[in-house]
>>> print(open('final-v5.tsv').read())   # TSV, C-alpha atoms
chain	number	residue	atom	x	y	z
R	1499	MET	CA	16.28	-6.92	6.69
R	1500	GLY	CA	12.81	-8.30	7.23
R	1501	SER	CA	10.81	-11.08	5.63
R	1502	TRP	CA	7.03	-11.40	5.76
R	1503	VAL	CA	5.63	-14.93	5.52
R	1504	LEU	CA	2.37	-15.21	3.61
R	1505	ALA	CA	0.22	-18.32	3.63
R	1506	LEU	CA	-1.56	-18.75	0.31
R	1507	VAL	CA	-5.05	-20.08	0.91
R	1508	LEU	CA	-6.63	-20.87	-2.44
R	1509	GLY	CA	-10.15	-20.75	-1.08
R	1510	SER	CA	-9.76	-17.05	-0.34
R	1511	VAL	CA	-8.11	-16.08	-3.58
R	1512	VAL	CA	-10.53	-14.12	-5.73
R	1513	ALA	CA	-8.28	-13.42	-8.66
R	1514	ALA	CA	-8.75	-14.21	-12.28
R	1515	VAL	CA	-8.65	-17.84	-13.28
R	1516	HIS	CA	-6.49	-18.27	-16.35
R	1517	GLY	CA	-7.63	-21.50	-17.91
R	1518	SER	CA	-7.49	-23.96	-15.01
R	1519	GLU	CA	-4.74	-22.11	-13.16
R	1520	PRO	CA	-5.70	-19.63	-10.43
R	1521	TRP	CA	-3.90	-16.33	-10.91
R	1522	LEU	CA	-2.75	-15.05	-7.56
R	1523	ASN	CA	-4.66	-11.94	-6.58
R	1524	GLU	CA	-2.31	-9.06	-5.91
R	1525	THR	CA	-4.38	-8.12	-2.88
R	1526	GLN	CA	-3.36	-11.44	-1.37
R	1527	VAL	CA	0.19	-10.11	-1.56
R	1528	TYR	CA	-0.44	-6.74	0.00
R	1529	SER	CA	-3.34	-7.28	2.39
R	1530	THR	CA	-1.72	-9.81	4.69
R	1531	ASN	CA	0.13	-7.95	7.45
R	1532	ALA	CA	-0.53	-4.71	5.58
R	1533	ASN	CA	-2.07	-3.05	8.63
R	1534	SER	CA	0.60	-4.29	11.01
R	1535	GLY	CA	1.45	-1.57	13.50
R	1536	SER	CA	-0.97	0.96	12.04
R	1537	ASN	CA	-3.54	2.92	14.02
R	1538	GLY	CA	-5.20	4.28	10.89
R	1539	VAL	CA	-8.87	5.15	10.91
R	1540	PHE	CA	-11.61	2.81	9.65
R	1541	VAL	CA	-13.65	4.44	6.88
R	1542	GLY	CA	-17.13	3.49	5.71
R	1543	LEU	CA	-18.20	2.55	2.18
R	1544	THR	CA	-20.24	5.01	0.10
R	1545	LEU	CA	-22.14	3.59	-2.88
R	1546	ILE	CA	-22.41	5.91	-5.89
R	1547	GLN	CA	-26.17	6.21	-6.27
R	1548	SER	CA	-25.95	8.17	-9.52
R	1549	ALA	CA	-23.91	5.41	-11.19
R	1550	ALA	CA	-26.83	3.18	-12.22
R	1551	ALA	CA	-28.33	5.75	-14.59
R	1552	LYS	CA	-24.92	6.03	-16.27
R	1553	GLY	CA	-24.53	2.27	-16.65
R	1554	ALA	CA	-21.50	2.45	-14.33
R	1555	LEU	CA	-21.87	-0.96	-12.71
R	1556	CYS	CA	-19.70	-3.63	-11.12
R	1557	LEU	CA	-19.29	-6.94	-12.94
R	1558	ASP	CA	-22.52	-8.28	-11.39
R	1559	GLY	CA	-24.56	-5.11	-12.01
R	1560	SER	CA	-24.28	-3.73	-8.45
R	1561	LEU	CA	-23.36	-0.12	-7.67
R	1562	PRO	CA	-19.68	0.89	-7.44
R	1563	GLY	CA	-18.40	2.72	-4.40
R	1564	TYR	CA	-15.60	4.44	-2.53
R	1565	HIS	CA	-14.39	5.20	0.99
R	1566	LEU	CA	-13.84	8.91	1.74
R	1567	HIS	CA	-12.16	10.34	4.83
R	1568	ARG	CA	-12.40	14.13	4.92
R	1569	GLY	CA	-9.33	16.31	5.14
R	1570	PHE	CA	-8.81	19.03	7.70
R	1571	GLY	CA	-6.63	22.01	8.52
R	1572	SER	CA	-4.00	22.71	5.89
R	1573	GLY	CA	-5.16	19.64	3.93
R	1574	ALA	CA	-8.83	20.59	3.66
R	1575	ASN	CA	-8.52	21.44	-0.06
R	1576	SER	CA	-6.07	18.69	-0.98
R	1577	TRP	CA	-7.24	15.36	-2.41
R	1578	LEU	CA	-5.59	11.94	-2.61
R	1579	VAL	CA	-7.56	9.52	-4.80
R	1580	ASN	CA	-6.42	5.91	-4.51
R	1581	LEU	CA	-7.57	3.35	-7.09
R	1582	GLU	CA	-7.85	-0.07	-5.47
R	1583	GLY	CA	-5.92	-2.99	-6.95
R	1584	GLY	CA	-6.77	-6.67	-7.07
R	1585	GLY	CA	-6.04	-8.63	-10.23
R	1586	TRP	CA	-8.06	-8.86	-13.44
R	1587	CYS	CA	-10.39	-11.21	-15.26
R	1588	ASN	CA	-9.67	-12.02	-18.89
R	1589	ASP	CA	-12.39	-14.44	-19.95
R	1590	VAL	CA	-16.05	-15.14	-19.17
R	1591	LYS	CA	-15.22	-17.95	-16.75
R	1592	SER	CA	-12.84	-15.87	-14.65
R	1593	CYS	CA	-15.18	-12.86	-14.63
R	1594	VAL	CA	-18.15	-14.99	-13.54
R	1595	PHE	CA	-15.96	-16.34	-10.73
R	1596	ARG	CA	-14.93	-12.82	-9.81
R	1597	LYS	CA	-18.41	-11.29	-9.75
R	1598	SER	CA	-19.30	-13.28	-6.63
R	1599	SER	CA	-16.45	-11.59	-4.71
R	1600	ARG	CA	-15.64	-8.11	-3.45
R	1601	ARG	CA	-13.62	-7.64	-6.64
R	1602	GLY	CA	-16.74	-7.88	-8.77
R	1603	SER	CA	-19.65	-6.84	-6.59
R	1604	SER	CA	-20.31	-4.17	-3.97
R	1605	ASN	CA	-22.64	-6.69	-2.31
R	1606	HIS	CA	-19.50	-8.50	-1.13
R	1607	MET	CA	-17.34	-5.47	-0.26
R	1608	GLU	CA	-16.22	-4.71	3.28
R	1609	ARG	CA	-18.40	-1.97	4.72
R	1610	GLN	CA	-15.34	-0.44	6.40
R	1611	LEU	CA	-11.67	-0.37	5.43
R	1612	GLN	CA	-8.72	0.67	7.54
R	1613	PHE	CA	-6.68	3.46	5.95
R	1614	THR	CA	-2.97	2.69	6.35
R	1615	GLY	CA	0.29	3.80	4.78
R	1616	ILE	CA	-0.28	6.65	2.34
R	1617	MET	CA	-3.97	6.59	3.33
R	1618	SER	CA	-3.39	6.93	7.09
R	1619	ASN	CA	-4.85	9.88	9.01
R	1620	ARG	CA	-1.97	9.92	11.51
R	1621	PRO	CA	1.02	12.26	10.97
R	1622	GLU	CA	3.43	9.76	12.56
R	1623	GLU	CA	2.38	7.22	9.91
R	1624	ASN	CA	1.87	9.49	6.90
R	1625	PRO	CA	3.64	12.84	7.41
R	1626	ASP	CA	2.69	14.62	4.18
R	1627	PHE	CA	-0.83	13.43	3.34
R	1628	TYR	CA	-2.43	12.55	6.69
R	1629	ASN	CA	-4.81	15.56	6.72
R	1630	TRP	CA	-5.81	15.46	3.05
R	1631	ASN	CA	-9.17	14.29	1.77
R	1632	ARG	CA	-8.29	10.64	1.13
R	1633	VAL	CA	-10.41	8.38	-1.06
R	1634	LYS	CA	-10.15	4.71	-1.92
R	1635	VAL	CA	-12.19	3.93	-5.05
R	1636	ARG	CA	-13.22	0.28	-4.91
R	1637	TYR	CA	-12.26	-1.97	-7.81
R	1638	CYS	CA	-15.08	-4.16	-9.13
R	1639	ASP	CA	-14.74	-4.22	-12.93
R	1640	GLY	CA	-11.76	-6.54	-13.38
R	1641	GLY	CA	-10.18	-4.40	-16.12
R	1642	SER	CA	-8.28	-1.62	-14.32
R	1643	PHE	CA	-11.18	0.81	-14.80
R	1644	THR	CA	-11.03	0.55	-18.62
R	1645	GLY	CA	-13.77	-1.69	-20.01
R	1646	ASP	CA	-16.96	-0.68	-21.81
R	1647	GLY	CA	-19.16	-3.58	-22.79
R	1648	ALA	CA	-21.26	-6.45	-21.44
R	1649	ASP	CA	-22.01	-10.16	-21.81
R	1650	ALA	CA	-25.75	-10.48	-21.28
R	1651	SER	CA	-25.82	-14.28	-21.39
R	1652	ALA	CA	-23.27	-14.47	-18.55
R	1653	GLY	CA	-24.78	-11.55	-16.62
R	1654	LEU	CA	-21.54	-9.58	-16.83
R	1655	TYR	CA	-21.04	-5.83	-17.07
R	1656	PHE	CA	-17.67	-4.52	-18.26
R	1657	ARG	CA	-18.01	-0.90	-17.24
R	1658	GLY	CA	-14.67	0.12	-15.76
R	1659	GLU	CA	-14.39	3.35	-17.73
R	1660	ARG	CA	-17.88	4.42	-16.71
R	1661	ILE	CA	-17.12	3.58	-13.06
R	1662	TRP	CA	-14.02	5.78	-13.28
R	1663	GLN	CA	-16.07	8.64	-14.72
R	1664	ALA	CA	-18.95	8.23	-12.25
R	1665	ALA	CA	-16.56	8.14	-9.28
R	1666	MET	CA	-14.71	11.24	-10.43
R	1667	GLU	CA	-17.95	13.14	-11.08
R	1668	ASP	CA	-19.24	12.22	-7.63
R	1669	LEU	CA	-16.00	13.25	-5.93
R	1670	MET	CA	-15.90	16.55	-7.82
R	1671	ALA	CA	-19.38	17.26	-6.46
R	1672	GLN	CA	-18.14	16.30	-2.99
R	1673	GLY	CA	-15.68	19.20	-3.15
R	1674	MET	CA	-12.77	17.87	-5.19
R	1675	GLN	CA	-13.47	20.49	-7.88
R	1676	TYR	CA	-12.09	23.09	-5.45
R	1677	ALA	CA	-8.82	21.22	-4.84
R	1678	ASN	CA	-5.63	23.24	-4.84
R	1679	GLN	CA	-3.58	20.05	-5.09
R	1680	ALA	CA	-4.44	16.44	-5.99
R	1681	LEU	CA	-2.63	13.11	-6.21
R	1682	LEU	CA	-3.91	10.00	-8.02
R	1683	SER	CA	-2.41	6.77	-6.70
R	1684	GLY	CA	-2.88	3.03	-6.87
R	1685	CYS	CA	-1.12	-0.25	-6.26
R	1686	SER	CA	-0.70	-3.23	-8.61
R	1687	ALA	CA	-3.77	-3.38	-10.90
R	1688	GLY	CA	-4.53	0.01	-9.33
R	1689	GLY	CA	-1.05	1.14	-10.33
R	1690	VAL	CA	-1.88	0.23	-13.92
R	1691	SER	CA	-5.15	2.16	-13.57
R	1692	THR	CA	-3.25	5.18	-12.27
R	1693	ILE	CA	-0.93	5.26	-15.27
R	1694	LEU	CA	-3.77	4.71	-17.77
R	1695	HIS	CA	-5.94	7.47	-16.23
R	1696	CYS	CA	-3.27	9.94	-15.08
R	1697	ASP	CA	-3.69	12.56	-17.79
R	1698	GLU	CA	-7.50	12.19	-17.60
R	1699	PHE	CA	-7.25	12.97	-13.89
R	1700	ARG	CA	-5.17	16.06	-14.63
R	1701	GLY	CA	-7.86	17.20	-17.06
R	1702	LEU	CA	-10.51	17.32	-14.32
R	1703	PHE	CA	-8.92	20.29	-12.60
R	1704	ARG	CA	-8.18	23.93	-13.20
R	1705	SER	CA	-4.72	24.64	-14.61
R	1706	SER	CA	-3.76	26.28	-11.31
R	1707	THR	CA	-4.30	23.01	-9.37
R	1708	LYS	CA	-1.14	21.01	-8.65
R	1709	VAL	CA	-1.87	17.49	-9.94
R	1710	LYS	CA	0.45	14.48	-9.92
R	1711	CYS	CA	0.22	10.66	-10.07
R	1712	LEU	CA	1.86	7.85	-8.06
R	1713	ALA	CA	1.93	4.32	-9.51
R	1714	ASP	CA	2.96	1.62	-7.03
R	1715	ALA	CA	3.85	-1.87	-8.31
R	1716	GLY	CA	2.14	-1.11	-11.59
R	1717	MET	CA	5.03	-1.67	-14.01
R	1718	PHE	CA	3.91	-5.03	-15.35
R	1719	LEU	CA	6.41	-5.81	-18.09
R	1720	ASP	CA	5.78	-7.36	-21.48
R	1721	THR	CA	8.36	-10.00	-20.69
R	1722	VAL	CA	9.19	-13.50	-21.94
R	1723	ASP	CA	8.72	-16.27	-19.37
R	1724	VAL	CA	11.14	-19.14	-18.70
R	1725	SER	CA	9.49	-21.28	-21.41
R	1726	GLY	CA	9.80	-18.56	-24.05
R	1727	GLN	CA	6.14	-17.50	-23.96
R	1728	ARG	CA	4.64	-14.09	-23.21
R	1729	GLU	CA	2.17	-14.97	-20.45
R	1730	MET	CA	1.32	-11.39	-19.53
R	1731	ARG	CA	0.74	-10.36	-23.14
R	1732	ASP	CA	-1.68	-13.24	-23.64
R	1733	PHE	CA	-3.44	-12.36	-20.39
R	1734	PHE	CA	-3.72	-8.61	-21.08
R	1735	ASN	CA	-4.87	-9.35	-24.63
R	1736	GLY	CA	-7.75	-11.34	-23.16
R	1737	ILE	CA	-8.76	-8.41	-20.95
R	1738	VAL	CA	-8.66	-5.89	-23.78
R	1739	ARG	CA	-10.65	-8.09	-26.17
R	1740	LEU	CA	-13.25	-9.28	-23.64
R	1741	GLN	CA	-13.90	-5.97	-21.93
R	1742	GLY	CA	-13.60	-3.60	-24.89
R	1743	SER	CA	-10.82	-1.71	-23.13
R	1744	GLY	CA	-9.21	-0.29	-26.25
R	1745	ARG	CA	-11.45	2.77	-26.42
R	1746	SER	CA	-10.42	3.78	-22.89
R	1747	LEU	CA	-6.66	3.47	-23.33
R	1748	PRO	CA	-4.57	6.62	-23.82
R	1749	ARG	CA	-4.67	7.75	-27.43
R	1750	SER	CA	-1.07	8.91	-27.12
R	1751	CYS	CA	-0.29	5.17	-27.14
R	1752	THR	CA	-3.05	3.60	-29.27
R	1753	SER	CA	-2.26	6.01	-32.10
R	1754	ARG	CA	1.09	4.27	-32.56
R	1755	MET	CA	0.75	0.77	-31.03
R	1756	ASP	CA	-1.78	-2.05	-30.78
R	1757	LYS	CA	-4.31	-1.92	-27.94
R	1758	THR	CA	-2.82	-4.77	-25.92
R	1759	SER	CA	0.59	-3.08	-25.95
R	1760	CYS	CA	-1.11	0.02	-24.56
R	1761	PHE	CA	-2.36	-1.90	-21.51
R	1762	PHE	CA	1.31	-2.27	-20.54
R	1763	PRO	CA	2.40	0.79	-18.54
R	1764	GLN	CA	5.89	0.70	-20.06
R	1765	ASN	CA	4.35	1.82	-23.37
R	1766	VAL	CA	2.21	4.56	-21.80
R	1767	VAL	CA	4.60	6.29	-19.39
R	1768	PRO	CA	6.82	7.80	-22.13
R	1769	ASN	CA	3.91	10.02	-23.20
R	1770	ILE	CA	2.31	10.93	-19.86
R	1771	GLN	CA	2.20	14.71	-19.59
R	1772	THR	CA	1.34	14.85	-15.88
R	1773	PRO	CA	4.19	14.56	-13.33
R	1774	THR	CA	4.34	10.93	-12.23
R	1775	PHE	CA	6.19	8.90	-9.60
R	1776	ILE	CA	6.94	5.22	-10.26
R	1777	LEU	CA	7.40	3.10	-7.14
R	1778	ASN	CA	8.33	-0.50	-7.88
R	1779	THR	CA	10.52	-3.33	-6.76
R	1780	ALA	CA	13.03	-4.56	-9.31
R	1781	TYR	CA	12.10	-8.14	-8.35
R	1782	ASP	CA	8.32	-7.87	-8.14
R	1783	VAL	CA	7.12	-11.12	-6.57
R	1784	TRP	CA	3.78	-11.07	-8.39
R	1785	GLN	CA	5.57	-10.87	-11.73
R	1786	LEU	CA	8.12	-13.49	-10.67
R	1787	GLN	CA	5.26	-15.89	-9.90
R	1788	GLN	CA	2.93	-15.05	-12.76
R	1789	SER	CA	4.89	-13.75	-15.73
R	1790	VAL	CA	8.58	-14.70	-15.31
R	1791	ALA	CA	8.20	-18.26	-13.99
R	1792	PRO	CA	4.47	-19.14	-13.94
R	1793	LYS	CA	3.53	-22.73	-13.14
R	1794	ARG	CA	2.40	-23.45	-16.70
R	1795	ALA	CA	5.88	-22.49	-17.95
R	1796	ASP	CA	7.54	-24.69	-15.32
R	1797	PRO	CA	5.93	-28.16	-15.61
R	1798	GLN	CA	8.81	-29.87	-13.80
R	1799	GLY	CA	8.57	-27.48	-10.86
R	1800	LEU	CA	12.18	-26.33	-11.09
R	1801	TRP	CA	11.16	-22.80	-10.12
R	1802	ARG	CA	8.75	-23.72	-7.33
R	1803	GLY	CA	11.14	-22.96	-4.47
R	1804	CYS	CA	12.41	-19.77	-6.05
R	1805	ARG	CA	8.84	-18.56	-6.70
R	1806	MET	CA	7.99	-18.92	-3.04
R	1807	ASN	CA	11.21	-17.71	-1.44
R	1808	HIS	CA	14.01	-15.72	-3.10
R	1809	ALA	CA	16.54	-17.41	-0.80
R	1810	SER	CA	15.80	-20.69	-2.62
R	1811	CYS	CA	16.78	-19.35	-6.05
R	1812	ASN	CA	19.88	-20.92	-7.57
R	1813	SER	CA	22.54	-18.99	-9.48
R	1814	ASN	CA	20.93	-19.59	-12.88
R	1815	GLN	CA	17.55	-18.45	-11.60
R	1816	LEU	CA	19.07	-15.34	-10.03
R	1817	GLN	CA	20.66	-14.57	-13.39
R	1818	VAL	CA	17.17	-14.67	-14.99
R	1819	LEU	CA	15.89	-12.34	-12.26
R	1820	GLN	CA	18.79	-9.95	-12.80
R	1821	GLY	CA	17.75	-9.87	-16.46
R	1822	PHE	CA	14.22	-8.98	-15.38
R	1823	ARG	CA	15.61	-6.16	-13.23
R	1824	ASN	CA	17.51	-4.85	-16.26
R	1825	GLN	CA	14.26	-4.84	-18.26
R	1826	MET	CA	12.57	-2.89	-15.46
R	1827	LEU	CA	15.34	-0.28	-15.42
R	1828	ASP	CA	15.27	-0.02	-19.22
R	1829	ALA	CA	11.49	0.52	-19.12
R	1830	VAL	CA	11.82	3.59	-16.86
R	1831	ARG	CA	15.05	5.04	-18.22
R	1832	GLY	CA	13.46	7.61	-20.52
R	1833	PHE	CA	10.76	8.39	-17.97
R	1834	SER	CA	13.31	9.13	-15.26
R	1835	GLY	CA	15.07	11.62	-17.50
R	1836	SER	CA	12.24	14.12	-17.06
R	1837	ARG	CA	12.74	16.54	-14.19
R	1838	GLN	CA	9.05	16.47	-13.25
R	1839	ASN	CA	8.99	12.71	-12.57
R	1840	GLY	CA	10.03	10.68	-9.53
R	1841	LEU	CA	11.36	7.16	-9.15
R	1842	PHE	CA	11.96	4.65	-6.35
R	1843	ILE	CA	13.07	1.23	-7.64
R	1844	ASN	CA	14.35	-0.92	-4.80
R	1845	SER	CA	15.88	-4.38	-5.05
R	1846	CYS	CA	13.35	-6.17	-2.87
R	1847	PHE	CA	11.21	-9.26	-3.41
R	1848	ALA	CA	7.95	-7.46	-2.66
R	1849	HIS	CA	4.81	-6.06	-4.25
R	1850	CYS	CA	2.95	-2.88	-3.23
R	1851	GLN	CA	4.76	-0.68	-0.73
R	1852	SER	CA	2.72	2.54	-0.42
R	1853	GLU	CA	-0.36	1.14	1.33
R	1854	ARG	CA	1.48	-1.08	3.82
R	1855	GLN	CA	2.46	0.81	6.93
R	1856	ASP	CA	5.67	-1.16	7.45
R	1857	THR	CA	7.02	-0.25	4.01
R	1858	TRP	CA	5.56	3.26	3.62
R	1859	TYR	CA	6.71	4.98	6.79
R	1860	ALA	CA	7.96	3.10	9.83
R	1861	ARG	CA	11.21	3.04	11.75
R	1862	ASP	CA	12.60	0.09	9.80
R	1863	SER	CA	10.99	0.85	6.40
R	1864	PRO	CA	12.98	0.27	3.20
R	1865	ARG	CA	15.30	3.14	2.31
R	1866	LEU	CA	17.22	4.41	-0.69
R	1867	GLY	CA	19.60	7.34	-0.27
R	1868	ASN	CA	18.56	7.24	3.39
R	1869	LYS	CA	15.01	8.15	2.34
R	1870	ARG	CA	11.95	6.11	3.21
R	1871	ILE	CA	9.33	5.78	0.49
R	1872	ALA	CA	7.00	8.31	2.15
R	1873	GLU	CA	9.85	10.84	2.35
R	1874	ALA	CA	10.85	10.35	-1.29
R	1875	VAL	CA	7.25	10.71	-2.51
R	1876	GLY	CA	6.73	13.80	-0.34
R	1877	ASP	CA	9.94	15.40	-1.61
R	1878	TRP	CA	8.78	14.83	-5.17
R	1879	PHE	CA	5.18	16.00	-4.75
R	1880	PHE	CA	6.09	19.19	-2.88
R	1881	ASP	CA	9.20	19.88	-5.00
R	1882	ARG	CA	11.42	19.78	-1.91
R	1883	ALA	CA	14.13	17.77	-3.61
R	1884	ASP	CA	14.93	15.66	-6.65
R	1885	ALA	CA	13.52	12.19	-5.97
R	1886	LYS	CA	15.01	9.59	-8.27
R	1887	TYR	CA	16.30	6.51	-6.51
R	1888	THR	CA	17.46	3.28	-8.14
R	1889	ASP	CA	18.86	0.49	-5.97
R	1890	CYS	CA	21.92	-1.63	-6.61
R	1891	ALA	CA	21.25	-5.24	-7.61
R	1892	TYR	CA	20.11	-7.91	-5.15
R	1893	PRO	CA	21.34	-8.82	-2.54
R	1894	CYS	CA	22.87	-5.46	-1.66
R	1895	ASP	CA	19.90	-3.83	0.11
R	1896	GLY	CA	19.58	-4.66	3.81
R	1897	THR	CA	16.46	-2.54	4.36
R	1898	CYS	CA	14.05	-4.65	2.28
R	1899	HIS	CA	10.88	-6.22	3.62
R	1900	HIS	CA	10.92	-9.33	1.46
R	1901	LEU	CA	7.78	-11.39	0.95
R	1902	VAL	CA	8.14	-15.15	1.52
R	1903	PHE	CA	5.30	-17.55	0.74
R	1904	ARG	CA	4.19	-20.81	2.32
R	1905	GLY	CA	2.42	-23.45	0.31
R	1906	ASP	CA	1.86	-23.31	-3.45
R	1907	TYR	CA	-0.76	-21.60	-5.57
>>> encode(input="final-v5.tsv", output="structure tokens")
Amino acid sequence: MGSWVLALVLGSVVAAVHGSEPWLNETQVYSTNANSGSNGVFVGLTLIQSAAAKGALCLDGSLPGYHLHRGFGSGANSWLVNLEGGGWCNDVKSCVFRKSSRRGSSNHMERQLQFTGIMSNRPEENPDFYNWNRVKVRYCDGGSFTGDGADASAGLYFRGERIWQAAMEDLMAQGMQYANQALLSGCSAGGVSTILHCDEFRGLFRSSTKVKCLADAGMFLDTVDVSGQREMRDFFNGIVRLQGSGRSLPRSCTSRMDKTSCFFPQNVVPNIQTPTFILNTAYDVWQLQQSVAPKRADPQGLWRGCRMNHASCNSNQLQVLQGFRNQMLDAVRGFSGSRQNGLFINSCFAHCQSERQDTWYARDSPRLGNKRIAEAVGDWFFDRADAKYTDCAYPCDGTCHHLVFRGDY
């Protein structure tokens, strides 16, 4: 069993600010140590020059972009499109804050990113997808690629849906239209994006193309926090209202539920037609910190230790977390009943496991049914075996890479 220690440095957090409380950026959770042990290639940023004419702009009006590493050999006509994660912004203040970061402007994006985990170009790190065309679409709209609006007075563009469309059109012209197989993936906010856009992605290709979707750490639940409030519902409602996301959400959901409910993946996955794999921890640390026991719901700080380190949770707190696990399992129960879908729900205190080399495919990676995550996903995509794995309750799993935090947020 391993534990990763993450130091939370507020000055580097570029997440949404909810009122006066900084909302931890998911990328803070999965970027630290994410490349540990990986020899993955560094890939340059491509700006989408055709995006401006389509109004497909980052929050600050700059061009969106992606990183593309070409496939080769047997993978030359296979495409893996990864939608970057990294929090959201739900009001003008948080979006203005965000637009001066790499999460809201291509002017601040890294010019090169290392491709690790499911993005790696090395067979010993990524056995099934290493030689595919692999793309990371950068995330700079703050609304999981859904918004369509603007706030002229604040200099904000909410154009997530247009960025999605411009990126896909550009990639199709780059050769993706000839794909014989394609996988859409994403982690955290990118996992939400993957679920919301999965059937759209399927619609880009010929019927003969094998198309599937992988959502990692994207099952943000519409849960009640320890003070009885629904923090995530309030937050997602802000996104949908501010950014005009409703028009971009799957109609299979909005035809029967309100728009905010349809930003929650649990209400979308029952109607996804495209084969999908849900990878999630049953004790997602981001949700523990931000929607189960957020600071505003814990004014006396009774949950502070538990939020930062699962080993500090008392028996009553663990009982609350077991209830959250039950909600997670209930949310995917119908989904997992479909033969075309895959599932890997492990009982770890973690967040995002497909893009970290140590959790995706390494000697000591987490396992269920003696399968590492990369092996389970590969079995599912290539129809080698049934791939539905649900862990026993904490603390039974000795293969976890738990995340432990230093400091407070």
>>> closest_atom_pairs(input="final-v5.tsv", of="stretch 1575-1664 of chain R", to="stretch 1697-1720 of chain R", cutoff="10 Å", atoms="all atoms listed in the file", output="tab-separated table")
residue	atom	partner	partner_atom	distance
R:Ser1576	CA	R:Lys1708	CA	9.4
R:Trp1577	CA	R:Val1709	CA	9.5
R:Leu1578	CA	R:Cys1711	CA	9.5
R:Val1579	CA	R:Cys1711	CA	9.5
R:Asn1580	CA	R:Leu1712	CA	9.2
R:Leu1581	CA	R:Ala1713	CA	9.9
R:Gly1583	CA	R:Gly1716	CA	9.5
R:Trp1662	CA	R:Phe1699	CA	9.9
R:Gln1663	CA	R:Glu1698	CA	9.7
>>> residues_around(input="final-v5.tsv", residues="R:Leu1747", least_positions_apart="4", cutoff="12 Å", atoms="all atoms listed in the file", output="NGL selection string")
:R and (1641-1646 or 1658-1659 or 1690-1698 or 1738 or 1741-1743 or 1751-1753 or 1755-1763 or 1765-1766)
>>> atom_distance(input="final-v5.tsv", atom1="atom CA of R:Ile1776", atom2="atom CA of R:Ser1683")
10.1 Å
>>> residues_around(input="final-v5.tsv", residues="stretch 1605-1613 of chain R", least_positions_apart="2", cutoff="6 Å", atoms="all atoms listed in the file", output="list in words")
Gly1538, Val1539, Phe1540, Val1541, Gly1542, Leu1543, Ser1599, Arg1600, Ser1603, Met1617 and Ser1618 of chain R
>>> residues_around(input="final-v5.tsv", residues="R:Gly1876", least_positions_apart="3", cutoff="10 Å", atoms="all atoms listed in the file", output="MDAnalysis selection string")
chainID R and resid 1624:1627 1870:1873 1879:1883 1885
>>> closest_residue(input="final-v5.tsv", among="R:Phe1903, R:Phe1775, R:Trp1784, R:Trp1878", to="R:Ser1810", atoms="all atoms listed in the file")
R:Phe1903
>>> atom_distance(input="final-v5.tsv", atom1="atom CA of R:Thr1857", atom2="atom CA of R:Leu1827")
21.1 Å
>>> closest_residue(input="final-v5.tsv", among="R:Asn1868, R:Gln1764, R:Ser1560, R:Asn1537", to="R:Gly1832", atoms="all atoms listed in the file")
R:Gln1764
>>> closest_residue(input="final-v5.tsv", among="R:Gly1559, R:Pro1893, R:Pro1773, R:Pro1864", to="R:Arg1837", atoms="all atoms listed in the file")
R:Pro1773
>>> atom_distance(input="final-v5.tsv", atom1="atom CA of R:His1567", atom2="atom CA of R:Ala1874")
23.8 Å
>>> closest_residue(input="final-v5.tsv", among="R:Asp1895, R:Asp1889, R:Asp1877, R:Glu1853", to="R:Glu1623", atoms="all atoms listed in the file")
R:Glu1853
>>> axis_aligned_box(input="final-v5.tsv", around="stretch 1883-1893 of chain R", padding_each_side="8 Å", output="lines of an AutoDock Vina configuration file")
center_x = 17.7
center_y = 4.5
center_z = -5.4
size_x = 24.4
size_y = 42.6
size_z = 21.7
>>> closest_residue(input="final-v5.tsv", among="R:Cys1811, R:Asn1778, R:Cys1804, R:Asp1796", to="R:Asn1844", atoms="all atoms listed in the file")
R:Asn1778
>>> residues_near_point(input="final-v5.tsv", point="(-19.5, 14.3, -8.7)", cutoff="12 Å", atoms="only C-alpha atoms", output="ChimeraX atom specification")
/R:1546-1549,1661-1676,1702
>>> closest_atom_pairs(input="final-v5.tsv", of="stretch 1529-1600 of chain R", to="stretch 1650-1654 of chain R", cutoff="9 Å", atoms="only C-alpha atoms", output="JSON lines")
{"residue": "R:Cys1556", "atom": "CA", "partner": "R:Leu1654", "partner_atom": "CA", "distance": 8.4}
{"residue": "R:Leu1557", "atom": "CA", "partner": "R:Leu1654", "partner_atom": "CA", "distance": 5.2}
{"residue": "R:Asp1558", "atom": "CA", "partner": "R:Leu1654", "partner_atom": "CA", "distance": 5.7}
{"residue": "R:Gly1559", "atom": "CA", "partner": "R:Leu1654", "partner_atom": "CA", "distance": 7.2}
{"residue": "R:Val1590", "atom": "CA", "partner": "R:Ala1652", "partner_atom": "CA", "distance": 7.3}
{"residue": "R:Lys1591", "atom": "CA", "partner": "R:Ala1652", "partner_atom": "CA", "distance": 9.0}
{"residue": "R:Cys1593", "atom": "CA", "partner": "R:Leu1654", "partner_atom": "CA", "distance": 7.5}
{"residue": "R:Val1594", "atom": "CA", "partner": "R:Leu1654", "partner_atom": "CA", "distance": 7.2}
{"residue": "R:Lys1597", "atom": "CA", "partner": "R:Leu1654", "partner_atom": "CA", "distance": 7.9}
>>> closest_residue(input="final-v5.tsv", among="R:Arg1794, R:Pro1748, R:Thr1779, R:Leu1682", to="R:Val1724", atoms="all atoms listed in the file")
R:Arg1794
